[in-house]
$ cat input-v4.txt   # compact mmCIF, C-alpha atoms
# COMPACT_ATOMS: atom_id res chain seq x y z
CA MET M 1 -17.49 44.05 -62.47
CA ASN M 2 -18.44 44.17 -58.75
CA GLU M 3 -21.27 46.67 -59.26
CA MET M 4 -24.63 45.56 -57.83
CA ARG M 5 -27.54 46.35 -60.14
CA GLU M 6 -31.19 46.26 -59.07
CA VAL M 7 -34.14 45.25 -61.24
CA GLU M 8 -37.60 43.85 -60.67
CA VAL M 9 -37.13 40.73 -62.79
CA VAL M 10 -34.14 38.81 -64.17
CA VAL M 11 -34.69 36.47 -67.13
CA THR M 12 -31.97 33.85 -67.54
CA GLY M 13 -31.76 32.44 -71.06
CA ALA M 14 -32.79 33.89 -74.42
CA GLY M 15 -34.19 30.91 -76.26
CA GLN M 16 -37.90 30.56 -77.05
CA ALA M 17 -38.89 30.57 -73.37
CA GLY M 18 -36.75 33.54 -72.39
CA LEU M 19 -37.72 35.70 -75.35
CA SER M 20 -41.41 34.92 -74.87
CA SER M 21 -41.12 35.93 -71.21
CA ALA M 22 -39.26 39.14 -72.11
CA TYR M 23 -41.91 40.00 -74.71
CA HIS M 24 -44.71 39.66 -72.14
CA LEU M 25 -42.76 41.68 -69.58
CA ARG M 26 -42.42 44.44 -72.18
CA ARG M 27 -46.13 44.33 -73.01
CA SER M 28 -46.94 44.58 -69.30
CA GLY M 29 -45.05 47.85 -68.98
CA PHE M 30 -41.68 46.61 -67.74
CA GLU M 31 -38.75 48.45 -69.32
CA PRO M 32 -35.60 46.52 -70.30
CA GLU M 33 -32.52 47.41 -68.24
CA ARG M 34 -34.62 49.57 -65.87
CA ASP M 35 -37.19 46.98 -64.71
CA PHE M 36 -35.86 43.72 -66.12
CA VAL M 37 -32.78 42.27 -67.75
CA VAL M 38 -32.31 39.25 -70.03
CA LEU M 39 -29.05 37.34 -69.54
CA ASP M 40 -27.93 34.77 -72.11
CA ARG M 41 -24.78 32.65 -72.00
CA SER M 42 -24.80 31.91 -75.75
CA PRO M 43 -22.55 33.96 -78.04
CA ALA M 44 -25.35 35.00 -80.44
CA PRO M 45 -29.14 35.03 -80.80
CA GLY M 46 -30.81 31.70 -81.49
CA GLY M 47 -30.87 29.86 -78.18
CA ALA M 48 -29.90 26.20 -78.49
CA TRP M 49 -30.86 26.26 -82.17
CA GLN M 50 -27.60 28.02 -83.08
CA PHE M 51 -25.69 24.86 -82.07
CA ARG M 52 -27.70 22.39 -84.16
CA TRP M 53 -25.90 20.42 -86.84
CA PRO M 54 -25.95 21.91 -90.38
CA SER M 55 -27.82 18.97 -91.90
CA LEU M 56 -30.81 19.67 -89.63
CA THR M 57 -32.54 21.92 -92.12
CA TYR M 58 -35.58 24.00 -91.23
CA GLY M 59 -37.80 21.65 -93.22
CA LYS M 60 -36.87 18.78 -90.86
CA VAL M 61 -37.81 20.69 -87.70
CA HIS M 62 -41.01 19.43 -86.07
CA GLY M 63 -43.40 21.78 -84.33
CA MET M 64 -41.44 25.06 -84.40
CA HIS M 65 -43.87 27.76 -83.25
CA SER M 66 -43.38 31.44 -83.90
CA LEU M 67 -42.60 33.71 -80.98
CA PRO M 68 -45.46 35.92 -79.73
CA GLY M 69 -45.99 39.08 -81.74
CA MET M 70 -43.91 38.15 -84.82
CA GLU M 71 -44.47 35.31 -87.24
CA LEU M 72 -41.65 33.25 -88.68
CA ALA M 73 -42.85 33.23 -92.27
CA ASP M 74 -41.43 32.27 -95.68
CA ALA M 75 -38.42 30.44 -94.22
CA ASP M 76 -36.51 28.35 -96.76
CA PRO M 77 -36.95 24.70 -95.67
CA ALA M 78 -33.60 23.79 -97.26
CA ARG M 79 -31.58 26.18 -95.08
CA PRO M 80 -29.99 24.97 -91.81
CA SER M 81 -32.36 25.50 -88.90
CA ALA M 82 -29.51 27.14 -86.96
CA GLU M 83 -29.37 29.94 -89.53
CA VAL M 84 -33.13 30.37 -90.01
CA ILE M 85 -34.00 30.47 -86.32
CA GLY M 86 -30.88 32.39 -85.30
CA GLU M 87 -31.73 35.17 -87.75
CA TYR M 88 -35.38 35.13 -86.65
CA PHE M 89 -34.48 35.44 -82.96
CA ASP M 90 -32.08 38.27 -83.81
CA ARG M 91 -34.83 40.18 -85.65
CA TYR M 92 -37.19 39.54 -82.76
CA GLU M 93 -34.81 40.88 -80.11
CA ARG M 94 -34.26 44.05 -82.14
CA ALA M 95 -37.94 44.54 -83.07
CA PHE M 96 -39.04 44.52 -79.42
CA ASP M 97 -35.86 46.16 -78.06
CA LEU M 98 -35.23 43.38 -75.54
CA ARG M 99 -31.55 44.33 -75.06
CA VAL M 100 -30.30 40.84 -74.30
CA ARG M 101 -26.93 40.81 -72.57
CA ARG M 102 -24.54 38.14 -73.89
CA PRO M 103 -22.47 36.19 -73.38
CA VAL M 104 -23.30 36.20 -69.67
CA ALA M 105 -23.06 32.97 -67.65
CA VAL M 106 -25.27 32.77 -64.57
CA ARG M 107 -23.19 31.08 -61.88
CA ALA M 108 -25.51 31.07 -58.85
CA VAL M 109 -28.78 32.45 -57.53
CA ARG M 110 -28.79 33.09 -53.79
CA GLU M 111 -30.98 34.62 -51.13
CA GLY M 112 -30.36 38.35 -50.72
CA ASP M 113 -31.60 41.01 -48.31
CA GLY M 114 -35.18 42.24 -48.11
CA ARG M 115 -36.71 39.24 -49.89
CA ARG M 116 -34.58 39.90 -52.95
CA LEU M 117 -32.56 37.35 -54.90
CA LEU M 118 -28.91 37.78 -55.87
CA VAL M 119 -28.07 36.58 -59.37
CA GLU M 120 -24.30 36.09 -59.61
CA THR M 121 -22.94 36.06 -63.16
CA SER M 122 -19.78 36.39 -65.21
CA ALA M 123 -20.75 40.05 -65.74
CA GLY M 124 -21.48 40.98 -62.14
CA THR M 125 -24.41 40.59 -59.76
CA TRP M 126 -28.05 41.59 -60.13
CA SER M 127 -30.45 42.01 -57.22
CA THR M 128 -33.99 41.11 -58.23
CA ARG M 129 -37.44 40.54 -56.77
CA ALA M 130 -38.29 37.71 -59.17
CA LEU M 131 -36.49 35.33 -61.52
CA ILE M 132 -37.71 33.73 -64.73
CA ASN M 133 -35.44 30.77 -65.36
CA ALA M 134 -35.38 29.84 -69.04
CA THR M 135 -32.01 28.11 -69.27
CA GLY M 136 -33.30 25.08 -71.16
CA THR M 137 -31.32 21.86 -71.45
CA TRP M 138 -28.63 22.23 -74.13
CA ASP M 139 -25.84 22.77 -71.60
CA GLN M 140 -26.68 19.49 -69.83
CA PRO M 141 -26.35 16.59 -72.30
CA PHE M 142 -27.16 13.30 -70.62
CA LEU M 143 -24.65 10.47 -71.03
CA PRO M 144 -25.67 7.20 -69.34
CA ARG M 145 -23.02 4.92 -67.86
CA TYR M 146 -22.52 1.32 -68.93
CA PRO M 147 -19.98 -1.31 -67.87
CA GLY M 148 -16.85 -1.24 -70.00
CA GLN M 149 -17.46 2.27 -71.33
CA GLU M 150 -13.91 3.41 -70.59
CA SER M 151 -12.46 0.47 -72.49
CA PHE M 152 -14.00 1.41 -75.85
CA ARG M 153 -11.25 2.15 -78.37
CA GLY M 154 -13.50 3.99 -80.81
CA ARG M 155 -15.16 7.37 -80.57
CA GLN M 156 -18.07 8.28 -78.30
CA LEU M 157 -20.05 11.48 -78.73
CA HIS M 158 -23.38 12.96 -77.76
CA THR M 159 -25.95 14.54 -80.08
CA ALA M 160 -24.72 17.92 -78.79
CA ARG M 161 -21.41 17.31 -80.63
CA TYR M 162 -22.89 15.83 -83.81
CA ALA M 163 -21.88 17.93 -86.82
CA GLY M 164 -23.39 15.91 -89.67
CA PRO M 165 -23.17 12.47 -91.31
CA GLU M 166 -20.14 13.02 -93.54
CA GLU M 167 -17.59 12.52 -90.77
CA PHE M 168 -18.88 8.96 -90.22
CA ALA M 169 -18.24 7.77 -93.78
CA GLY M 170 -17.14 4.14 -93.85
CA GLN M 171 -17.57 3.68 -90.09
CA ARG M 172 -19.72 1.29 -88.08
CA VAL M 173 -21.99 3.39 -85.88
CA VAL M 174 -24.15 2.41 -82.92
CA VAL M 175 -26.87 5.00 -82.28
CA VAL M 176 -28.35 4.94 -78.77
CA GLY M 177 -31.73 6.59 -78.12
CA GLY M 178 -35.34 6.35 -79.20
CA GLY M 179 -36.24 10.02 -79.66
CA ALA M 180 -36.42 12.27 -82.68
CA SER M 181 -32.67 12.96 -82.70
CA GLY M 182 -31.82 9.24 -82.76
CA THR M 183 -34.06 8.52 -85.74
CA GLN M 184 -32.83 11.61 -87.60
CA HIS M 185 -29.21 10.58 -87.05
CA LEU M 186 -29.86 7.05 -88.32
CA LEU M 187 -31.63 8.23 -91.46
CA GLU M 188 -28.80 10.65 -92.22
CA LEU M 189 -25.99 8.22 -91.43
CA ALA M 190 -27.29 5.28 -93.46
CA PRO M 191 -25.96 6.48 -96.86
CA TYR M 192 -22.50 7.24 -95.41
CA ALA M 193 -21.74 4.70 -92.69
CA ALA M 194 -20.48 1.19 -93.33
CA ALA M 195 -23.18 -0.05 -90.93
CA THR M 196 -25.60 1.38 -88.39
CA THR M 197 -27.15 -0.27 -85.34
CA TRP M 198 -30.02 1.25 -83.39
CA VAL M 199 -30.50 0.45 -79.70
CA THR M 200 -33.09 1.84 -77.29
CA ARG M 201 -34.15 1.11 -73.71
CA ARG M 202 -37.82 0.86 -74.67
CA PRO M 203 -39.42 -0.10 -77.98
CA PRO M 204 -40.06 3.09 -79.96
CA VAL M 205 -43.67 4.17 -80.40
CA PHE M 206 -44.56 5.61 -83.80
CA ARG M 207 -47.62 7.82 -83.99
CA GLU M 208 -49.93 7.34 -86.96
CA GLY M 209 -52.19 10.16 -88.14
CA PRO M 210 -52.58 13.78 -87.03
CA PHE M 211 -51.74 14.91 -83.53
CA ASP M 212 -54.77 16.96 -82.56
CA ALA M 213 -55.24 19.48 -79.74
CA ASP M 214 -56.85 16.94 -77.40
CA ALA M 215 -53.91 14.55 -77.79
CA GLY M 216 -51.50 17.40 -77.19
CA ARG M 217 -53.25 18.46 -74.00
CA ALA M 218 -53.26 14.88 -72.74
CA ALA M 219 -49.53 14.51 -73.39
CA VAL M 220 -48.68 17.79 -71.66
CA ALA M 221 -50.85 16.79 -68.69
CA LEU M 222 -48.75 13.65 -68.18
CA VAL M 223 -45.53 15.68 -68.12
CA GLU M 224 -47.14 18.30 -65.90
CA GLU M 225 -48.14 15.70 -63.33
CA ARG M 226 -44.51 14.67 -62.88
CA VAL M 227 -43.31 18.21 -62.14
CA ARG M 228 -46.20 18.72 -59.73
CA GLN M 229 -44.84 15.74 -57.81
CA GLY M 230 -41.29 17.09 -57.82
CA LEU M 231 -40.01 14.43 -60.22
CA PRO M 232 -37.56 15.21 -63.04
CA PRO M 233 -39.62 16.00 -66.16
CA ARG M 234 -39.81 13.62 -69.07
CA SER M 235 -39.76 15.01 -72.58
CA VAL M 236 -43.10 15.62 -74.27
CA VAL M 237 -42.04 13.29 -77.14
CA SER M 238 -41.66 10.46 -74.64
CA VAL M 239 -45.42 10.49 -74.17
CA THR M 240 -46.49 11.59 -77.66
CA GLY M 241 -44.48 9.07 -79.68
CA LEU M 242 -42.65 9.73 -82.96
CA PRO M 243 -44.60 10.96 -86.00
CA LEU M 244 -44.75 8.30 -88.71
CA ASN M 245 -43.80 10.37 -91.77
CA ASP M 246 -42.53 9.26 -95.18
CA ALA M 247 -38.86 9.32 -94.11
CA ILE M 248 -39.58 7.14 -91.07
CA ARG M 249 -41.64 4.71 -93.17
CA LYS M 250 -38.76 4.35 -95.63
CA GLY M 251 -36.28 3.84 -92.77
CA LEU M 252 -38.46 1.07 -91.36
CA ALA M 253 -38.87 -0.58 -94.74
CA ASP M 254 -35.12 -0.41 -95.48
CA GLY M 255 -34.17 -1.84 -92.08
CA VAL M 256 -32.35 1.33 -91.00
CA LEU M 257 -34.79 1.68 -88.11
CA ASP M 258 -34.58 -1.97 -87.06
CA ARG M 259 -34.30 -1.47 -83.31
CA LEU M 260 -32.43 -3.70 -80.87
CA PRO M 261 -32.89 -3.67 -77.07
CA MET M 262 -30.30 -1.87 -75.00
CA PHE M 263 -26.92 -3.63 -74.81
CA ASP M 264 -25.56 -4.74 -71.45
CA ARG M 265 -21.95 -3.71 -71.72
CA ILE M 266 -19.43 -1.92 -73.93
CA THR M 267 -16.33 -3.76 -75.11
CA PRO M 268 -13.10 -2.35 -76.56
CA ASP M 269 -14.41 -2.91 -80.10
CA GLY M 270 -18.19 -2.58 -79.75
CA VAL M 271 -21.20 -3.49 -77.64
CA GLU M 272 -22.59 -6.80 -76.40
CA TRP M 273 -25.67 -8.36 -74.80
CA ARG M 274 -26.00 -11.00 -72.09
CA ASP M 275 -27.11 -13.58 -74.63
CA GLY M 276 -23.68 -13.36 -76.29
CA ARG M 277 -24.65 -11.17 -79.23
CA HIS M 278 -21.94 -8.68 -80.16
CA VAL M 279 -21.89 -5.71 -82.57
CA THR M 280 -18.56 -4.29 -83.69
CA ALA M 281 -18.47 -0.48 -83.71
CA ASP M 282 -16.14 2.38 -84.52
CA VAL M 283 -18.48 5.01 -83.03
CA ILE M 284 -21.14 5.13 -80.32
CA LEU M 285 -23.45 8.09 -80.86
CA TRP M 286 -25.46 8.86 -77.72
CA ALA M 287 -28.79 10.42 -78.73
CA THR M 288 -29.87 10.18 -75.11
CA GLY M 289 -31.28 13.63 -74.57
CA PHE M 290 -30.61 16.41 -72.12
CA ARG M 291 -31.43 17.37 -68.57
CA ALA M 292 -32.64 20.74 -67.30
CA ALA M 293 -29.74 23.16 -66.69
CA LEU M 294 -30.60 24.18 -63.13
CA GLY M 295 -27.29 23.92 -61.25
CA HIS M 296 -27.17 27.67 -60.65
CA LEU M 297 -30.37 27.40 -58.56
CA ALA M 298 -28.78 24.90 -56.13
CA PRO M 299 -28.16 27.49 -53.35
CA LEU M 300 -31.95 27.98 -53.07
CA ARG M 301 -32.51 24.27 -52.30
CA LEU M 302 -35.56 23.92 -54.53
CA ARG M 303 -35.15 20.26 -55.45
CA GLU M 304 -37.53 17.70 -54.01
CA PRO M 305 -36.49 14.22 -52.78
CA GLY M 306 -37.60 12.87 -56.18
CA GLY M 307 -34.85 14.89 -57.87
CA GLY M 308 -36.92 17.55 -59.63
CA ILE M 309 -38.29 20.96 -58.71
CA ARG M 310 -41.98 20.87 -57.83
CA VAL M 311 -43.79 23.33 -60.08
CA GLU M 312 -47.38 24.51 -60.34
CA GLY M 313 -47.93 26.28 -63.63
CA THR M 314 -44.49 27.86 -63.95
CA ARG M 315 -44.03 28.77 -60.27
CA ALA M 316 -41.62 26.85 -58.06
CA VAL M 317 -43.76 25.67 -55.14
CA ALA M 318 -40.88 26.15 -52.69
CA ASP M 319 -40.29 29.77 -53.74
CA PRO M 320 -42.93 31.84 -55.60
CA ARG M 321 -40.27 34.30 -56.75
CA ILE M 322 -38.87 31.64 -59.08
CA HIS M 323 -40.62 30.71 -62.33
CA LEU M 324 -39.37 27.90 -64.56
CA VAL M 325 -40.32 28.52 -68.19
CA GLY M 326 -39.42 25.94 -70.80
CA TYR M 327 -39.28 23.29 -68.07
CA GLY M 328 -41.37 20.12 -68.14
CA PRO M 329 -44.75 20.78 -69.78
CA SER M 330 -43.60 24.10 -71.24
CA ALA M 331 -40.51 22.64 -72.95
CA SER M 332 -42.14 22.72 -76.41
CA THR M 333 -42.02 25.94 -78.42
CA ILE M 334 -45.76 26.60 -78.13
CA GLY M 335 -45.64 25.63 -74.45
CA ALA M 336 -42.85 28.12 -73.84
CA ASN M 337 -44.91 30.93 -75.40
CA ARG M 338 -47.88 30.25 -73.15
CA ALA M 339 -45.72 29.73 -70.08
CA GLY M 340 -43.95 33.06 -70.60
CA ARG M 341 -47.27 34.87 -70.53
CA ALA M 342 -48.42 32.93 -67.43
CA ALA M 343 -45.17 33.58 -65.57
CA VAL M 344 -45.35 37.33 -66.17
CA ARG M 345 -48.97 37.43 -65.02
CA ASP M 346 -48.05 35.69 -61.76
CA ILE M 347 -44.97 37.85 -61.22
CA ARG M 348 -46.98 41.05 -61.65
CA ARG M 349 -49.34 39.81 -58.96
CA LEU M 350 -46.46 38.86 -56.66
CA LEU M 351 -44.71 42.22 -57.03
CA ALA M 352 -47.95 44.10 -56.40
CA GLU M 353 -48.57 42.13 -53.21
CA ASP M 354 -45.01 42.64 -51.95
CA ARG M 355 -44.88 46.38 -52.66
CA PRO M 356 -44.95 48.34 -49.40
CA VAL M 357 -48.03 50.47 -48.76
CA ALA M 358 -47.42 54.21 -48.51
CA ALA M 359 -48.12 55.77 -45.10
$ encode --input "input-v4.txt" --output "structure tokens"
Amino acid sequence: MNEMREVEVVVTGAGQAGLSSAYHLRRSGFEPERDFVVLDRSPAPGGAWQFRWPSLTYGKVHGMHSLPGMELADADPARPSAEVIGEYFDRYERAFDLRVRRPVAVRAVREGDGRRLLVETSAGTWSTRALINATGTWDQPFLPRYPGQESFRGRQLHTARYAGPEEFAGQRVVVVGGGASGTQHLLELAPYAAATTWVTRRPPVFREGPFDADAGRAAVALVEERVRQGLPPRSVVSVTGLPLNDAIRKGLADGVLDRLPMFDRITPDGVEWRDGRHVTADVILWATGFRAALGHLAPLRLREPGGGIRVEGTRAVADPRIHLVGYGPSASTIGANRAGRAAVRDIRRLLAEDRPVAA
């Protein structure tokens, strides 16, 4: 357990971003276990997808891109996305012999000797010359605080603990959040719950028509600008809006997606606004998103005064040995693929520059 192992690159996380990075390391001539290692805290292949609720079928998933080098083809849209993508990631790891180590929790990354980094984990310590951080967000659900929250006598849960609509049968549910998860929850809950109420901080923006490449680049550029400034990244969907599909149109027409502004306080039996309006609730479902899981990088002091890590491309500006893949503009599945390739290209250059010259 106390053995120190040396590699050139450590990849933390084996979701889309981590596997893409490992694939490009392999293609660049790095050997798993000898030159690089992939550490994943999850119990099985599939990244965060393995924890998604069963009613989120593959057909409901928006914008899932195949990993580089192997297409995800002929998937049954009626199967749970957790099963489809978990099996696909498992095949991928075996096809490219990525030798992911799991479950391994990365506890801290610290400065080591000779410009190396020490990656301290539940399975021992690795010494590395570069780190690709692909830990995603699933382990950091965001729960905002509101006055009276502790007084609520009903149940509060985050999207991360949502298991499907059946458990809410006959209950009055307040869904908080204007992203894709919030709308999916509302549409699923409507046939089961006694009543649903939707509240968001900002009015939701529904996107009509196709989302072309130019629009995608513009959206990513907005997210990218934030991380360049060292601000916490916003989700790509926050700048793209929600696609206006048939299910959303029906939810709007039926009143299921009739949005109210954010309440001001939580009461023992519901939520209320300053104007005196009150909604009685048995459950508050927080579809309020996630934050980047970066606590293990704290010893390196990479955060800027704005609260985020300043990044150019995938490289942490404060430390070129650290690359954040699946962070900010590369948080989408296609973005993670491209970022994995870019990170490996930069790391190869860094390692070549740092290699001592023979006498």
$ residues_around --input "input-v4.txt" --residues "Glu150 of chain M" --least-positions-apart "3" --cutoff "10 Å" --atoms "only C-alpha atoms" --output "MDAnalysis selection string"
chainID M and resid 145:147 153 266:268
$ residues_near_point --input "input-v4.txt" --point "(-21.9, 37.9, -63.6)" --cutoff "8 Å" --atoms "all atoms listed in the file" --output "PyMOL selection string"
chain M and resi 1+104-107+119-126
$ atom_distance --input "input-v4.txt" --atom1 "atom CA of Ile132 of chain M" --atom2 "atom CA of Phe290 of chain M"
20.1 Å
$ atom_distance --input "input-v4.txt" --atom1 "atom CA of Met262 of chain M" --atom2 "atom CA of Lys60 of chain M"
26.9 Å
$ closest_atom_pairs --input "input-v4.txt" --of "segment 260-330 of chain M" --to "segment 8-32 of chain M" --cutoff "10 Å" --atoms "all atoms listed in the file" --output "CSV"
residue,atom,partner,partner_atom,distance
M:Arg321,CA,M:Val9,CA,9.4
M:Ile322,CA,M:Val9,CA,10.0
M:His323,CA,M:Val11,CA,9.6
M:Leu324,CA,M:Ala17,CA,9.2
M:Val325,CA,M:Ala17,CA,5.8
M:Gly326,CA,M:Ala17,CA,5.3
M:Tyr327,CA,M:Ala17,CA,9.0
M:Ser330,CA,M:Ala17,CA,8.3
$ closest_residue --input "input-v4.txt" --among "M:Val84, M:Ala342, M:Val271, M:Val227" --to "Ser151 of chain M" --atoms "all atoms listed in the file"
M:Val271
$ atom_distance --input "input-v4.txt" --atom1 "atom CA of Arg202 of chain M" --atom2 "atom CA of Gly154 of chain M"
25.3 Å
$ residues_around --input "input-v4.txt" --residues "Pro43 of chain M" --least-positions-apart "6" --cutoff "10 Å" --atoms "only C-alpha atoms" --output "PyMOL selection string"
chain M and resi 50+101-104
$ residues_around --input "input-v4.txt" --residues "Val199 of chain M" --least-positions-apart "3" --cutoff "8 Å" --atoms "only C-alpha atoms" --output "ChimeraX atom specification"
/M:174-178,259-263
$ closest_residue --input "input-v4.txt" --among "M:Arg349, M:His158, M:Arg110, M:Arg315" --to "His296 of chain M" --atoms "only C-alpha atoms"
M:Arg110
$ residues_around --input "input-v4.txt" --residues "Trp53 of chain M" --least-positions-apart "4" --cutoff "9 Å" --atoms "only C-alpha atoms" --output "list in words"
Trp49, Thr57, Pro80, Ser81, Ala82, Thr159, Ala160, Arg161, Tyr162, Ala163 and Gly164 of chain M
$ write_last_selection --input "input-v4.txt" --atoms "C-alpha atoms" --output "compact mmCIF listing (two decimals), in the coordinates of the input"
# COMPACT_ATOMS: atom_id res chain seq x y z
CA TRP M 49 -30.86 26.26 -82.17
CA THR M 57 -32.54 21.92 -92.12
CA PRO M 80 -29.99 24.97 -91.81
CA SER M 81 -32.36 25.50 -88.90
CA ALA M 82 -29.51 27.14 -86.96
CA THR M 159 -25.95 14.54 -80.08
CA ALA M 160 -24.72 17.92 -78.79
CA ARG M 161 -21.41 17.31 -80.63
CA TYR M 162 -22.89 15.83 -83.81
CA ALA M 163 -21.88 17.93 -86.82
CA GLY M 164 -23.39 15.91 -89.67
$ residues_around --input "input-v4.txt" --residues "Tyr92 of chain M" --least-positions-apart "6" --cutoff "10 Å" --atoms "all atoms listed in the file" --output "MDAnalysis selection string"
chainID M and resid 19 23 45 67:72 86 98
$ axis_aligned_box --input "input-v4.txt" --around "segment 167-175 of chain M" --padding-each-side "5 Å" --output "lines of an AutoDock Vina configuration file"
center_x = -22.0
center_y = 6.9
center_z = -88.1
size_x = 19.7
size_y = 21.2
size_z = 21.6
$ closest_residue --input "input-v4.txt" --among "M:Val344, M:Ile309, M:Ala78, M:Leu189" --to "Ala292 of chain M" --atoms "only C-alpha atoms"
M:Ile309
$ decode --input "input-v4.txt" --residues "segment 121-187 of chain M" --atoms "C-alpha atoms" --output "PDB file, in the first residue's frame"
ATOM      1  CA  THR M 121      -4.837   7.630  -3.518  1.00  0.00           C
ATOM      2  CA  SER M 122      -6.682   4.902  -1.657  1.00  0.00           C
ATOM      3  CA  ALA M 123      -4.409   2.409  -3.466  1.00  0.00           C
ATOM      4  CA  GLY M 124      -1.073   4.069  -2.775  1.00  0.00           C
ATOM      5  CA  THR M 125       0.926   6.921  -4.290  1.00  0.00           C
ATOM      6  CA  TRP M 126       2.022   7.553  -7.861  1.00  0.00           C
ATOM      7  CA  SER M 127       4.843   9.904  -8.837  1.00  0.00           C
ATOM      8  CA  THR M 128       4.188  11.492 -12.212  1.00  0.00           C
ATOM      9  CA  ARG M 129       5.502  14.179 -14.535  1.00  0.00           C
ATOM     10  CA  ALA M 130       2.039  15.224 -15.736  1.00  0.00           C
ATOM     11  CA  LEU M 131      -1.578  14.840 -14.661  1.00  0.00           C
ATOM     12  CA  ILE M 132      -4.719  14.709 -16.784  1.00  0.00           C
ATOM     13  CA  ASN M 133      -7.589  15.508 -14.452  1.00  0.00           C
ATOM     14  CA  ALA M 134     -10.864  14.086 -15.768  1.00  0.00           C
ATOM     15  CA  THR M 135     -12.831  13.751 -12.539  1.00  0.00           C
ATOM     16  CA  GLY M 136     -15.975  15.411 -13.876  1.00  0.00           C
ATOM     17  CA  THR M 137     -18.726  16.694 -11.608  1.00  0.00           C
ATOM     18  CA  TRP M 138     -20.910  13.794 -10.431  1.00  0.00           C
ATOM     19  CA  ASP M 139     -19.258  13.633  -7.008  1.00  0.00           C
ATOM     20  CA  GLN M 140     -20.039  17.313  -6.348  1.00  0.00           C
ATOM     21  CA  PRO M 141     -23.825  17.863  -6.518  1.00  0.00           C
ATOM     22  CA  PHE M 142     -24.688  21.485  -5.875  1.00  0.00           C
ATOM     23  CA  LEU M 143     -27.355  22.197  -3.259  1.00  0.00           C
ATOM     24  CA  PRO M 144     -28.157  25.910  -2.796  1.00  0.00           C
ATOM     25  CA  ARG M 145     -29.132  27.224   0.628  1.00  0.00           C
ATOM     26  CA  TYR M 146     -32.418  28.986   1.327  1.00  0.00           C
ATOM     27  CA  PRO M 147     -33.912  30.364   4.545  1.00  0.00           C
ATOM     28  CA  GLY M 148     -35.979  27.788   6.398  1.00  0.00           C
ATOM     29  CA  GLN M 149     -34.451  24.809   4.603  1.00  0.00           C
ATOM     30  CA  GLU M 150     -33.833  22.892   7.827  1.00  0.00           C
ATOM     31  CA  SER M 151     -37.449  23.309   8.894  1.00  0.00           C
ATOM     32  CA  PHE M 152     -38.929  21.428   5.918  1.00  0.00           C
ATOM     33  CA  ARG M 153     -40.746  18.319   7.141  1.00  0.00           C
ATOM     34  CA  GLY M 154     -40.833  16.611   3.758  1.00  0.00           C
ATOM     35  CA  ARG M 155     -38.067  15.044   1.709  1.00  0.00           C
ATOM     36  CA  GLN M 156     -35.279  16.902  -0.083  1.00  0.00           C
ATOM     37  CA  LEU M 157     -33.054  15.225  -2.651  1.00  0.00           C
ATOM     38  CA  HIS M 158     -30.738  16.139  -5.483  1.00  0.00           C
ATOM     39  CA  THR M 159     -30.837  14.814  -9.048  1.00  0.00           C
ATOM     40  CA  ALA M 160     -27.875  12.605  -8.087  1.00  0.00           C
ATOM     41  CA  ARG M 161     -30.233  10.600  -5.812  1.00  0.00           C
ATOM     42  CA  TYR M 162     -33.215  10.509  -8.169  1.00  0.00           C
ATOM     43  CA  ALA M 163     -34.155   6.905  -8.972  1.00  0.00           C
ATOM     44  CA  GLY M 164     -37.261   7.401 -11.111  1.00  0.00           C
ATOM     45  CA  PRO M 165     -40.787   8.840 -10.917  1.00  0.00           C
ATOM     46  CA  GLU M 166     -42.593   5.920  -9.297  1.00  0.00           C
ATOM     47  CA  GLU M 167     -41.427   6.728  -5.763  1.00  0.00           C
ATOM     48  CA  PHE M 168     -43.189  10.122  -5.972  1.00  0.00           C
ATOM     49  CA  ALA M 169     -46.653   8.716  -6.670  1.00  0.00           C
ATOM     50  CA  GLY M 170     -49.357  10.788  -5.005  1.00  0.00           C
ATOM     51  CA  GLN M 171     -46.896  13.397  -3.704  1.00  0.00           C
ATOM     52  CA  ARG M 172     -46.659  17.138  -4.282  1.00  0.00           C
ATOM     53  CA  VAL M 173     -43.240  17.836  -5.772  1.00  0.00           C
ATOM     54  CA  VAL M 174     -41.379  21.108  -6.242  1.00  0.00           C
ATOM     55  CA  VAL M 175     -38.657  20.780  -8.886  1.00  0.00           C
ATOM     56  CA  VAL M 176     -35.903  23.407  -8.706  1.00  0.00           C
ATOM     57  CA  GLY M 177     -33.688  24.035 -11.745  1.00  0.00           C
ATOM     58  CA  GLY M 178     -33.941  25.148 -15.344  1.00  0.00           C
ATOM     59  CA  GLY M 179     -31.625  22.661 -17.067  1.00  0.00           C
ATOM     60  CA  ALA M 180     -32.241  19.453 -18.955  1.00  0.00           C
ATOM     61  CA  SER M 181     -32.499  17.351 -15.775  1.00  0.00           C
ATOM     62  CA  GLY M 182     -35.202  19.599 -14.312  1.00  0.00           C
ATOM     63  CA  THR M 183     -37.396  19.409 -17.404  1.00  0.00           C
ATOM     64  CA  GLN M 184     -36.883  15.646 -17.724  1.00  0.00           C
ATOM     65  CA  HIS M 185     -37.869  15.145 -14.087  1.00  0.00           C
ATOM     66  CA  LEU M 186     -41.030  17.231 -14.496  1.00  0.00           C
ATOM     67  CA  LEU M 187     -42.148  15.389 -17.620  1.00  0.00           C
TER      68      LEU M 187
END
